[in-house]
$ cat final04.pdb   # PDB, C-alpha atoms
ATOM      1  CA  MET A  83       0.000   0.000   0.000
ATOM      2  CA  ASP A  84       2.856   2.387   0.804
ATOM      3  CA  TYR A  85       4.296   1.802  -2.647
ATOM      4  CA  VAL A  86       0.937   2.525  -4.284
ATOM      5  CA  LEU A  87       0.672   5.783  -2.356
ATOM      6  CA  SER A  88       4.197   6.728  -3.405
ATOM      7  CA  ILE A  89       3.452   6.328  -7.138
ATOM      8  CA  LEU A  90      -0.050   7.787  -6.944
ATOM      9  CA  PRO A  91       0.981  11.436  -7.587
ATOM     10  CA  VAL A  92       2.681  10.456 -10.856
ATOM     11  CA  LEU A  93      -0.305   8.429 -12.020
ATOM     12  CA  LEU A  94      -2.776  11.124 -10.992
ATOM     13  CA  LYS A  95      -0.803  13.646 -13.026
ATOM     14  CA  GLY A  96      -1.118  11.351 -16.044
ATOM     15  CA  LEU A  97      -4.819  10.845 -15.324
ATOM     16  CA  LYS A  98      -5.304  14.613 -15.207
ATOM     17  CA  LEU A  99      -3.851  14.939 -18.708
ATOM     18  CA  SER A 100      -6.021  12.092 -20.017
ATOM     19  CA  LEU A 101      -9.144  13.694 -18.544
ATOM     20  CA  THR A 102      -8.170  17.118 -19.882
ATOM     21  CA  VAL A 103      -7.834  15.790 -23.417
ATOM     22  CA  TYR A 104     -11.051  13.827 -23.070
ATOM     23  CA  GLY A 105     -13.042  16.714 -21.627
ATOM     24  CA  ILE A 106     -12.034  19.173 -24.345
ATOM     25  CA  VAL A 107     -12.730  16.648 -27.102
ATOM     26  CA  ILE A 108     -16.168  15.769 -25.736
ATOM     27  CA  ILE A 109     -17.130  19.448 -25.526
ATOM     28  CA  LEU A 110     -16.107  20.021 -29.143
ATOM     29  CA  ILE A 111     -17.388  16.906 -30.898
ATOM     30  CA  PHE A 112     -21.103  17.067 -30.154
ATOM     31  CA  PRO A 113     -21.879  20.494 -31.670
ATOM     32  CA  LEU A 114     -19.680  19.583 -34.645
ATOM     33  CA  ALA A 115     -21.294  16.160 -35.068
ATOM     34  CA  ILE A 116     -24.859  17.492 -34.786
ATOM     35  CA  LEU A 117     -24.244  20.211 -37.375
ATOM     36  CA  ALA A 118     -22.463  17.777 -39.698
ATOM     37  CA  ALA A 119     -25.256  15.212 -39.340
ATOM     38  CA  ILE A 120     -27.924  17.801 -40.164
ATOM     39  CA  GLY A 121     -25.814  18.894 -43.128
ATOM     40  CA  LYS A 122     -25.615  15.334 -44.412
ATOM     41  CA  VAL A 123     -29.368  14.896 -44.055
ATOM     42  CA  SER A 124     -30.678  18.173 -45.460
ATOM     43  CA  GLY A 125     -27.748  20.288 -46.606
ATOM     44  CA  PRO A 126     -27.027  21.434 -50.178
ATOM     45  CA  PRO A 127     -25.505  18.783 -52.488
ATOM     46  CA  MET A 128     -22.013  20.304 -52.274
ATOM     47  CA  ILE A 129     -22.106  20.341 -48.460
ATOM     48  CA  LYS A 130     -23.248  16.723 -48.455
ATOM     49  CA  LYS A 131     -20.335  15.734 -50.688
ATOM     50  CA  ILE A 132     -17.825  17.554 -48.486
ATOM     51  CA  LEU A 133     -19.226  15.973 -45.328
ATOM     52  CA  HIS A 134     -19.291  12.546 -46.969
ATOM     53  CA  LEU A 135     -15.609  12.955 -47.874
ATOM     54  CA  TYR A 136     -14.821  14.069 -44.334
ATOM     55  CA  THR A 137     -16.498  11.098 -42.645
ATOM     56  CA  TRP A 138     -15.087   8.693 -45.245
ATOM     57  CA  ILE A 139     -11.497   9.798 -44.640
ATOM     58  CA  TRP A 140     -11.612  10.110 -40.862
ATOM     59  CA  ARG A 141     -13.528   6.868 -40.297
ATOM     60  CA  GLY A 142     -11.465   4.985 -42.853
ATOM     61  CA  THR A 143      -8.017   5.640 -41.412
ATOM     62  CA  PRO A 144      -6.536   4.845 -37.974
ATOM     63  CA  LEU A 145      -6.670   7.521 -35.304
ATOM     64  CA  LEU A 146      -2.982   7.017 -34.533
ATOM     65  CA  LEU A 147      -2.055   7.644 -38.170
ATOM     66  CA  GLN A 148      -4.194  10.792 -38.190
ATOM     67  CA  LEU A 149      -2.432  11.966 -35.034
ATOM     68  CA  PHE A 150       0.971  11.322 -36.605
ATOM     69  CA  PHE A 151      -0.019  13.211 -39.747
ATOM     70  CA  ILE A 152      -1.204  16.272 -37.809
ATOM     71  CA  TYR A 153       1.720  16.366 -35.386
ATOM     72  CA  PHE A 154       4.599  15.123 -37.554
ATOM     73  CA  GLY A 155       3.252  15.747 -41.062
ATOM     74  CA  LEU A 156       1.924  19.288 -40.916
ATOM     75  CA  PRO A 157       5.358  20.775 -40.063
ATOM     76  CA  TYR A 158       6.406  19.843 -43.621
ATOM     77  CA  PHE A 159       3.800  22.378 -44.751
ATOM     78  CA  GLY A 160       5.006  24.979 -42.291
ATOM     79  CA  ILE A 161       2.333  24.259 -39.665
ATOM     80  CA  ASN A 162       3.785  23.457 -36.250
ATOM     81  CA  LEU A 163       1.290  22.607 -33.538
ATOM     82  CA  PRO A 164       1.856  22.036 -29.811
ATOM     83  CA  PRO A 165       1.266  18.383 -28.799
ATOM     84  CA  LEU A 166      -1.973  19.147 -26.946
ATOM     85  CA  VAL A 167      -3.430  21.112 -29.868
ATOM     86  CA  ALA A 168      -2.503  18.343 -32.323
ATOM     87  CA  VAL A 169      -4.149  15.757 -30.081
ATOM     88  CA  ILE A 170      -7.329  17.816 -29.685
ATOM     89  CA  ILE A 171      -7.647  18.319 -33.449
ATOM     90  CA  ALA A 172      -6.990  14.665 -34.294
ATOM     91  CA  PHE A 173      -9.348  13.281 -31.661
ATOM     92  CA  THR A 174     -12.100  15.809 -32.337
ATOM     93  CA  LEU A 175     -12.153  15.235 -36.092
ATOM     94  CA  ASN A 176     -11.945  11.461 -35.692
ATOM     95  CA  VAL A 177     -14.598  11.006 -33.021
ATOM     96  CA  ALA A 178     -16.893  13.626 -34.578
ATOM     97  CA  ALA A 179     -16.802  11.681 -37.857
ATOM     98  CA  TYR A 180     -18.133   8.575 -36.114
ATOM     99  CA  GLU A 181     -20.645  10.549 -34.066
ATOM    100  CA  THR A 182     -21.836  12.332 -37.211
ATOM    101  CA  GLU A 183     -22.864   9.013 -38.728
ATOM    102  CA  ILE A 184     -24.505   7.901 -35.499
ATOM    103  CA  ILE A 185     -26.575  11.090 -35.261
ATOM    104  CA  ARG A 186     -27.358  11.073 -38.996
ATOM    105  CA  ALA A 187     -28.796   7.577 -38.672
ATOM    106  CA  GLY A 188     -30.785   8.708 -35.656
ATOM    107  CA  ILE A 189     -32.244  11.695 -37.488
ATOM    108  CA  GLU A 190     -33.200   9.573 -40.479
ATOM    109  CA  SER A 191     -34.936   7.068 -38.184
ATOM    110  CA  ILE A 192     -37.490   9.692 -37.096
ATOM    111  CA  ASP A 193     -40.819   9.290 -38.828
ATOM    112  CA  LYS A 194     -41.274  11.788 -41.701
ATOM    113  CA  GLY A 195     -44.777  12.501 -40.472
ATOM    114  CA  GLN A 196     -43.328  14.463 -37.589
ATOM    115  CA  TYR A 197     -41.763  16.947 -40.007
ATOM    116  CA  GLU A 198     -45.136  17.379 -41.695
ATOM    117  CA  ALA A 199     -46.908  17.832 -38.367
ATOM    118  CA  ALA A 200     -44.367  20.447 -37.305
ATOM    119  CA  LYS A 201     -44.794  22.271 -40.598
ATOM    120  CA  ALA A 202     -48.565  22.240 -40.137
ATOM    121  CA  LEU A 203     -48.064  23.846 -36.735
ATOM    122  CA  GLY A 204     -46.093  26.649 -38.358
ATOM    123  CA  LEU A 205     -42.679  25.653 -37.017
ATOM    124  CA  THR A 206     -39.595  26.529 -39.031
ATOM    125  CA  TYR A 207     -37.042  23.879 -39.959
ATOM    126  CA  VAL A 208     -34.695  25.063 -37.217
ATOM    127  CA  GLN A 209     -37.480  24.972 -34.623
ATOM    128  CA  THR A 210     -38.524  21.532 -35.797
ATOM    129  CA  MET A 211     -35.001  20.166 -35.446
ATOM    130  CA  ARG A 212     -34.372  21.826 -32.077
ATOM    131  CA  ARG A 213     -37.713  21.075 -30.399
ATOM    132  CA  ILE A 214     -38.832  17.817 -31.979
ATOM    133  CA  ILE A 215     -36.281  15.914 -34.025
ATOM    134  CA  ILE A 216     -33.014  16.388 -32.113
ATOM    135  CA  PRO A 217     -34.434  15.460 -28.643
ATOM    136  CA  GLN A 218     -35.809  12.205 -30.061
ATOM    137  CA  THR A 219     -32.591  11.584 -31.961
ATOM    138  CA  ILE A 220     -30.508  12.026 -28.822
ATOM    139  CA  ARG A 221     -32.573   9.368 -27.063
ATOM    140  CA  ARG A 222     -32.107   6.907 -29.904
ATOM    141  CA  VAL A 223     -28.376   7.404 -30.318
ATOM    142  CA  LEU A 224     -27.416   7.427 -26.641
ATOM    143  CA  PRO A 225     -26.391   3.718 -26.457
ATOM    144  CA  ALA A 226     -24.085   4.038 -29.465
ATOM    145  CA  THR A 227     -22.816   7.392 -28.209
ATOM    146  CA  CYS A 228     -22.072   5.860 -24.815
ATOM    147  CA  ASN A 229     -19.899   3.205 -26.440
ATOM    148  CA  GLU A 230     -18.115   5.869 -28.473
ATOM    149  CA  ALA A 231     -17.542   8.009 -25.380
ATOM    150  CA  ILE A 232     -15.962   5.131 -23.458
ATOM    151  CA  LEU A 233     -13.791   4.145 -26.428
ATOM    152  CA  THR A 234     -12.640   7.740 -26.780
ATOM    153  CA  PHE A 235     -11.466   7.877 -23.183
ATOM    154  CA  LYS A 236      -9.528   4.644 -23.579
ATOM    155  CA  ASP A 237      -8.047   5.924 -26.847
ATOM    156  CA  THR A 238      -6.491   8.851 -25.015
ATOM    157  CA  ALA A 239      -3.669   6.392 -24.311
ATOM    158  CA  LEU A 240      -2.571   7.029 -27.902
ATOM    159  CA  VAL A 241      -1.267  10.476 -26.982
ATOM    160  CA  ALA A 242       1.786   8.759 -25.532
ATOM    161  CA  ALA A 243       2.865   8.138 -29.137
ATOM    162  CA  ILE A 244       3.845  11.815 -29.455
ATOM    163  CA  GLY A 245       5.463  12.006 -26.038
ATOM    164  CA  MET A 246       2.612  13.252 -23.876
ATOM    165  CA  GLY A 247       2.505  11.961 -20.311
ATOM    166  CA  ASP A 248      -0.986  10.508 -20.094
ATOM    167  CA  LEU A 249      -2.095   7.892 -17.577
ATOM    168  CA  LEU A 250      -0.783   4.872 -19.487
ATOM    169  CA  ARG A 251       2.567   6.478 -20.308
ATOM    170  CA  SER A 252       2.986   7.524 -16.678
ATOM    171  CA  ALA A 253       2.281   3.972 -15.543
ATOM    172  CA  LYS A 254       4.741   2.577 -18.081
ATOM    173  CA  GLU A 255       7.473   4.970 -16.916
ATOM    174  CA  VAL A 256       6.937   3.914 -13.289
ATOM    175  CA  VAL A 257       7.096   0.230 -14.250
ATOM    176  CA  THR A 258      10.265   0.795 -16.290
ATOM    177  CA  SER A 259      11.855   2.700 -13.430
ATOM    178  CA  ASP A 260      10.888   0.450 -10.504
ATOM    179  CA  PHE A 261      10.577  -2.924 -12.277
ATOM    180  CA  LYS A 262       7.189  -3.464 -10.647
ATOM    181  CA  ILE A 263       3.900  -3.859 -12.532
ATOM    182  CA  THR A 264       1.830  -2.355  -9.719
ATOM    183  CA  ALA A 265       1.437   0.882 -11.654
ATOM    184  CA  PHE A 266      -0.292  -0.991 -14.473
ATOM    185  CA  PHE A 267      -2.840  -2.399 -12.043
ATOM    186  CA  VAL A 268      -3.515   1.072 -10.613
ATOM    187  CA  ALA A 269      -3.930   2.482 -14.142
ATOM    188  CA  PHE A 270      -6.259  -0.434 -14.909
ATOM    189  CA  VAL A 271      -8.435   0.532 -11.946
ATOM    190  CA  PHE A 272      -8.472   4.198 -12.987
ATOM    191  CA  TYR A 273      -9.590   3.351 -16.525
ATOM    192  CA  LEU A 274     -12.268   1.033 -15.167
ATOM    193  CA  ILE A 275     -13.577   3.642 -12.729
ATOM    194  CA  ILE A 276     -13.807   6.390 -15.368
ATOM    195  CA  SER A 277     -15.504   4.034 -17.836
ATOM    196  CA  SER A 278     -18.006   2.989 -15.161
ATOM    197  CA  ILE A 279     -18.772   6.625 -14.355
ATOM    198  CA  LEU A 280     -19.379   7.365 -18.043
ATOM    199  CA  LEU A 281     -21.686   4.364 -18.266
ATOM    200  CA  GLN A 282     -23.717   5.609 -15.308
ATOM    201  CA  VAL A 283     -23.946   9.114 -16.782
ATOM    202  CA  PHE A 284     -25.297   7.827 -20.082
ATOM    203  CA  THR A 285     -27.689   5.443 -18.317
ATOM    204  CA  ARG A 286     -29.194   8.435 -16.493
ATOM    205  CA  LEU A 287     -29.359  10.395 -19.729
ATOM    206  CA  GLU A 288     -31.257   7.540 -21.360
ATOM    207  CA  LYS A 289     -33.797   7.655 -18.559
ATOM    208  CA  LYS A 290     -34.065  11.431 -18.854
ATOM    209  CA  TYR A 291     -34.666  11.374 -22.592
ATOM    210  CA  SER A 292     -37.010   8.365 -22.446
ATOM    211  CA  ILE A 293     -39.895  10.866 -22.287
ATOM    212  CA  TYR A 294     -39.377  11.445 -26.011
ATOM    213  CA  GLU A 295     -40.194   7.829 -26.852
TER     214      GLU A 295
END

$ encode --input "final04.pdb" --output "structure tokens"
Amino acid sequence: MDYVLSILPVLLKGLKLSLTVYGIVIILIFPLAILAAIGKVSGPPMIKKILHLYTWIWRGTPLLLQLFFIYFGLPYFGINLPPLVAVIIAFTLNVAAYETEIIRAGIESIDKGQYEAAKALGLTYVQTMRRIIIPQTIRRVLPATCNEAILTFKDTALVAAIGMGDLLRSAKEVVTSDFKITAFFVAFVFYLIISSILLQVFTRLEKKYSIYE
């Protein structure tokens, strides 16, 4: 126990970085994904083509490769980004691409009659989406979004590839230094706790939005 307490500050520092990356990404992806999904459903043809290309590229290539391209590749074009900024951009664009498709499918699953009813009530398209379609969509996509949210947190371990001291990298450095695998077990527990918290949050959200079913 004394050893665990001695390595805890290092691991907590790594956990703080992992949560920072995760928190910023989560804040950014949902507005981006909702707008992109609406654009794919009802945007002009050119916007639909651009968004299709975006989701095709970012869903069709590995996140780690995208991170390498942004951090190591962009400097060849004169664009040098700090590690944290590169990570935020890579994760946001990647996760938002997946979430865009999830939300798009949710929007398209809503009965077309609801659009007609909203129009008959004099609601604009924006009001229809905000008051009727999006709340129902959120309820339908929450299970898939929950899975994506948990995967995203676990994927934050990839930031170690560009030298950032996240939770997993911190644990690995402790193990390498002390020749004890205890740090891996502590990191395991941290990942499990955060994932369990996320699961509980989304379970409560499902109950909250169940009124729209």

$ resolve_selection --input "final04.pdb" --expression "the PyMOL selection byres ((chain A and resi 130-135) around 10)" --output "mmCIF file with C-alpha atoms, in the frame of the given file"
data_model
loop_
_atom_site.group_PDB
_atom_site.id
_atom_site.type_symbol
_atom_site.label_atom_id
_atom_site.label_comp_id
_atom_site.auth_asym_id
_atom_site.auth_seq_id
_atom_site.Cartn_x
_atom_site.Cartn_y
_atom_site.Cartn_z
ATOM 1 C CA ALA A 118 -22.463 17.777 -39.698
ATOM 2 C CA ALA A 119 -25.256 15.212 -39.340
ATOM 3 C CA ILE A 120 -27.924 17.801 -40.164
ATOM 4 C CA GLY A 121 -25.814 18.894 -43.128
ATOM 5 C CA LYS A 122 -25.615 15.334 -44.412
ATOM 6 C CA VAL A 123 -29.368 14.896 -44.055
ATOM 7 C CA SER A 124 -30.678 18.173 -45.460
ATOM 8 C CA GLY A 125 -27.748 20.288 -46.606
ATOM 9 C CA PRO A 126 -27.027 21.434 -50.178
ATOM 10 C CA PRO A 127 -25.505 18.783 -52.488
ATOM 11 C CA MET A 128 -22.013 20.304 -52.274
ATOM 12 C CA ILE A 129 -22.106 20.341 -48.460
ATOM 13 C CA TYR A 136 -14.821 14.069 -44.334
ATOM 14 C CA THR A 137 -16.498 11.098 -42.645
ATOM 15 C CA TRP A 138 -15.087 8.693 -45.245
ATOM 16 C CA ILE A 139 -11.497 9.798 -44.640
ATOM 17 C CA TRP A 140 -11.612 10.110 -40.862
ATOM 18 C CA ARG A 141 -13.528 6.868 -40.297
ATOM 19 C CA ALA A 179 -16.802 11.681 -37.857
ATOM 20 C CA THR A 182 -21.836 12.332 -37.211
ATOM 21 C CA GLU A 183 -22.864 9.013 -38.728
#

$ closest_residue --input "final04.pdb" --among "A:Leu90, A:Ile275, A:Arg222, A:Leu114" --to "Ile192 (chain A)" --atoms "all atoms listed in the file"
A:Arg222

$ resolve_selection --input "final04.pdb" --expression "the PyMOL selection byres ((chain A and resi 145) around 10)" --output "ChimeraX atom specification"
/A:140-144,146-151,172-173,175-177,237,240

$ write_last_selection --input "final04.pdb" --atoms "C-alpha atoms" --output "tab-separated table (two decimals), in the coordinates of the input"
chain	number	residue	atom	x	y	z
A	140	TRP	CA	-11.61	10.11	-40.86
A	141	ARG	CA	-13.53	6.87	-40.30
A	142	GLY	CA	-11.46	4.99	-42.85
A	143	THR	CA	-8.02	5.64	-41.41
A	144	PRO	CA	-6.54	4.84	-37.97
A	146	LEU	CA	-2.98	7.02	-34.53
A	147	LEU	CA	-2.06	7.64	-38.17
A	148	GLN	CA	-4.19	10.79	-38.19
A	149	LEU	CA	-2.43	11.97	-35.03
A	150	PHE	CA	0.97	11.32	-36.60
A	151	PHE	CA	-0.02	13.21	-39.75
A	172	ALA	CA	-6.99	14.66	-34.29
A	173	PHE	CA	-9.35	13.28	-31.66
A	175	LEU	CA	-12.15	15.24	-36.09
A	176	ASN	CA	-11.94	11.46	-35.69
A	177	VAL	CA	-14.60	11.01	-33.02
A	237	ASP	CA	-8.05	5.92	-26.85
A	240	LEU	CA	-2.57	7.03	-27.90

$ closest_residue --input "final04.pdb" --among "A:Gly188, A:Gly247, A:Gly204, A:Ile108" --to "Ile232 (chain A)" --atoms "only C-alpha atoms"
A:Ile108

$ closest_residue --input "final04.pdb" --among "A:Leu117, A:Leu93, A:Lys236, A:Asn162" --to "Met211 (chain A)" --atoms "all atoms listed in the file"
A:Leu117

$ build_atoms --input "final04.pdb" --residues "region 170-198 of chain A" --atoms "N, CA and C atoms" --output "PDB file, keeping the file's coordinate frame"
ATOM      1  N   ILE A 170      -5.936  17.362 -29.702  1.00  0.00           N
ATOM      2  CA  ILE A 170      -7.329  17.816 -29.685  1.00  0.00           C
ATOM      3  C   ILE A 170      -7.911  17.799 -31.092  1.00  0.00           C
ATOM      4  N   ILE A 171      -7.162  18.281 -32.067  1.00  0.00           N
ATOM      5  CA  ILE A 171      -7.647  18.319 -33.449  1.00  0.00           C
ATOM      6  C   ILE A 171      -7.872  16.912 -33.979  1.00  0.00           C
ATOM      7  N   ALA A 172      -6.880  16.034 -33.776  1.00  0.00           N
ATOM      8  CA  ALA A 172      -6.990  14.665 -34.294  1.00  0.00           C
ATOM      9  C   ALA A 172      -8.167  13.927 -33.668  1.00  0.00           C
ATOM     10  N   PHE A 173      -8.274  13.998 -32.348  1.00  0.00           N
ATOM     11  CA  PHE A 173      -9.348  13.281 -31.661  1.00  0.00           C
ATOM     12  C   PHE A 173     -10.720  13.861 -32.015  1.00  0.00           C
ATOM     13  N   THR A 174     -10.814  15.180 -32.045  1.00  0.00           N
ATOM     14  CA  THR A 174     -12.100  15.809 -32.337  1.00  0.00           C
ATOM     15  C   THR A 174     -12.596  15.438 -33.724  1.00  0.00           C
ATOM     16  N   LEU A 175     -11.740  15.560 -34.724  1.00  0.00           N
ATOM     17  CA  LEU A 175     -12.153  15.235 -36.092  1.00  0.00           C
ATOM     18  C   LEU A 175     -12.473  13.754 -36.251  1.00  0.00           C
ATOM     19  N   ASN A 176     -11.709  12.906 -35.584  1.00  0.00           N
ATOM     20  CA  ASN A 176     -11.945  11.461 -35.692  1.00  0.00           C
ATOM     21  C   ASN A 176     -13.251  11.050 -35.028  1.00  0.00           C
ATOM     22  N   VAL A 177     -13.404  11.421 -33.766  1.00  0.00           N
ATOM     23  CA  VAL A 177     -14.598  11.006 -33.021  1.00  0.00           C
ATOM     24  C   VAL A 177     -15.853  11.667 -33.591  1.00  0.00           C
ATOM     25  N   ALA A 178     -15.748  12.930 -34.005  1.00  0.00           N
ATOM     26  CA  ALA A 178     -16.893  13.626 -34.578  1.00  0.00           C
ATOM     27  C   ALA A 178     -17.359  12.955 -35.868  1.00  0.00           C
ATOM     28  N   ALA A 179     -16.421  12.383 -36.626  1.00  0.00           N
ATOM     29  CA  ALA A 179     -16.802  11.681 -37.857  1.00  0.00           C
ATOM     30  C   ALA A 179     -17.687  10.482 -37.542  1.00  0.00           C
ATOM     31  N   TYR A 180     -17.313   9.720 -36.525  1.00  0.00           N
ATOM     32  CA  TYR A 180     -18.133   8.575 -36.114  1.00  0.00           C
ATOM     33  C   TYR A 180     -19.468   9.037 -35.542  1.00  0.00           C
ATOM     34  N   GLU A 181     -19.416  10.071 -34.697  1.00  0.00           N
ATOM     35  CA  GLU A 181     -20.645  10.549 -34.066  1.00  0.00           C
ATOM     36  C   GLU A 181     -21.576  11.175 -35.094  1.00  0.00           C
ATOM     37  N   THR A 182     -21.014  11.772 -36.137  1.00  0.00           N
ATOM     38  CA  THR A 182     -21.836  12.332 -37.211  1.00  0.00           C
ATOM     39  C   THR A 182     -22.706  11.252 -37.837  1.00  0.00           C
ATOM     40  N   GLU A 183     -22.112  10.113 -38.115  1.00  0.00           N
ATOM     41  CA  GLU A 183     -22.864   9.013 -38.728  1.00  0.00           C
ATOM     42  C   GLU A 183     -23.898   8.437 -37.773  1.00  0.00           C
ATOM     43  N   ILE A 184     -23.553   8.397 -36.498  1.00  0.00           N
ATOM     44  CA  ILE A 184     -24.505   7.901 -35.499  1.00  0.00           C
ATOM     45  C   ILE A 184     -25.719   8.815 -35.426  1.00  0.00           C
ATOM     46  N   ILE A 185     -25.477  10.121 -35.359  1.00  0.00           N
ATOM     47  CA  ILE A 185     -26.575  11.090 -35.261  1.00  0.00           C
ATOM     48  C   ILE A 185     -27.358  11.141 -36.562  1.00  0.00           C
ATOM     49  N   ARG A 186     -26.668  11.075 -37.689  1.00  0.00           N
ATOM     50  CA  ARG A 186     -27.358  11.073 -38.996  1.00  0.00           C
ATOM     51  C   ARG A 186     -28.355   9.918 -39.073  1.00  0.00           C
ATOM     52  N   ALA A 187     -27.907   8.736 -38.659  1.00  0.00           N
ATOM     53  CA  ALA A 187     -28.796   7.577 -38.672  1.00  0.00           C
ATOM     54  C   ALA A 187     -29.974   7.783 -37.734  1.00  0.00           C
ATOM     55  N   GLY A 188     -29.706   8.439 -36.598  1.00  0.00           N
ATOM     56  CA  GLY A 188     -30.785   8.708 -35.656  1.00  0.00           C
ATOM     57  C   GLY A 188     -31.803   9.681 -36.216  1.00  0.00           C
ATOM     58  N   ILE A 189     -31.334  10.726 -36.881  1.00  0.00           N
ATOM     59  CA  ILE A 189     -32.244  11.695 -37.488  1.00  0.00           C
ATOM     60  C   ILE A 189     -33.102  11.034 -38.562  1.00  0.00           C
ATOM     61  N   GLU A 190     -32.472  10.218 -39.383  1.00  0.00           N
ATOM     62  CA  GLU A 190     -33.200   9.573 -40.479  1.00  0.00           C
ATOM     63  C   GLU A 190     -34.169   8.504 -39.990  1.00  0.00           C
ATOM     64  N   SER A 191     -34.014   8.074 -38.732  1.00  0.00           N
ATOM     65  CA  SER A 191     -34.936   7.068 -38.184  1.00  0.00           C
ATOM     66  C   SER A 191     -36.240   7.685 -37.692  1.00  0.00           C
ATOM     67  N   ILE A 192     -36.273   9.015 -37.558  1.00  0.00           N
ATOM     68  CA  ILE A 192     -37.490   9.692 -37.096  1.00  0.00           C
ATOM     69  C   ILE A 192     -38.530   9.684 -38.211  1.00  0.00           C
ATOM     70  N   ASP A 193     -39.742   9.369 -37.848  1.00  0.00           N
ATOM     71  CA  ASP A 193     -40.819   9.290 -38.828  1.00  0.00           C
ATOM     72  C   ASP A 193     -41.013  10.621 -39.560  1.00  0.00           C
ATOM     73  N   LYS A 194     -41.124  10.576 -40.886  1.00  0.00           N
ATOM     74  CA  LYS A 194     -41.274  11.788 -41.701  1.00  0.00           C
ATOM     75  C   LYS A 194     -42.555  12.554 -41.370  1.00  0.00           C
ATOM     76  N   GLY A 195     -43.529  11.850 -40.823  1.00  0.00           N
ATOM     77  CA  GLY A 195     -44.777  12.501 -40.472  1.00  0.00           C
ATOM     78  C   GLY A 195     -44.596  13.580 -39.425  1.00  0.00           C
ATOM     79  N   GLN A 196     -43.557  13.466 -38.614  1.00  0.00           N
ATOM     80  CA  GLN A 196     -43.328  14.463 -37.589  1.00  0.00           C
ATOM     81  C   GLN A 196     -42.871  15.797 -38.198  1.00  0.00           C
ATOM     82  N   TYR A 197     -42.144  15.718 -39.300  1.00  0.00           N
ATOM     83  CA  TYR A 197     -41.763  16.947 -40.007  1.00  0.00           C
ATOM     84  C   TYR A 197     -43.009  17.635 -40.558  1.00  0.00           C
ATOM     85  N   GLU A 198     -43.914  16.824 -41.120  1.00  0.00           N
ATOM     86  CA  GLU A 198     -45.136  17.379 -41.695  1.00  0.00           C
ATOM     87  C   GLU A 198     -46.025  17.987 -40.615  1.00  0.00           C
TER      88      GLU A 198
END
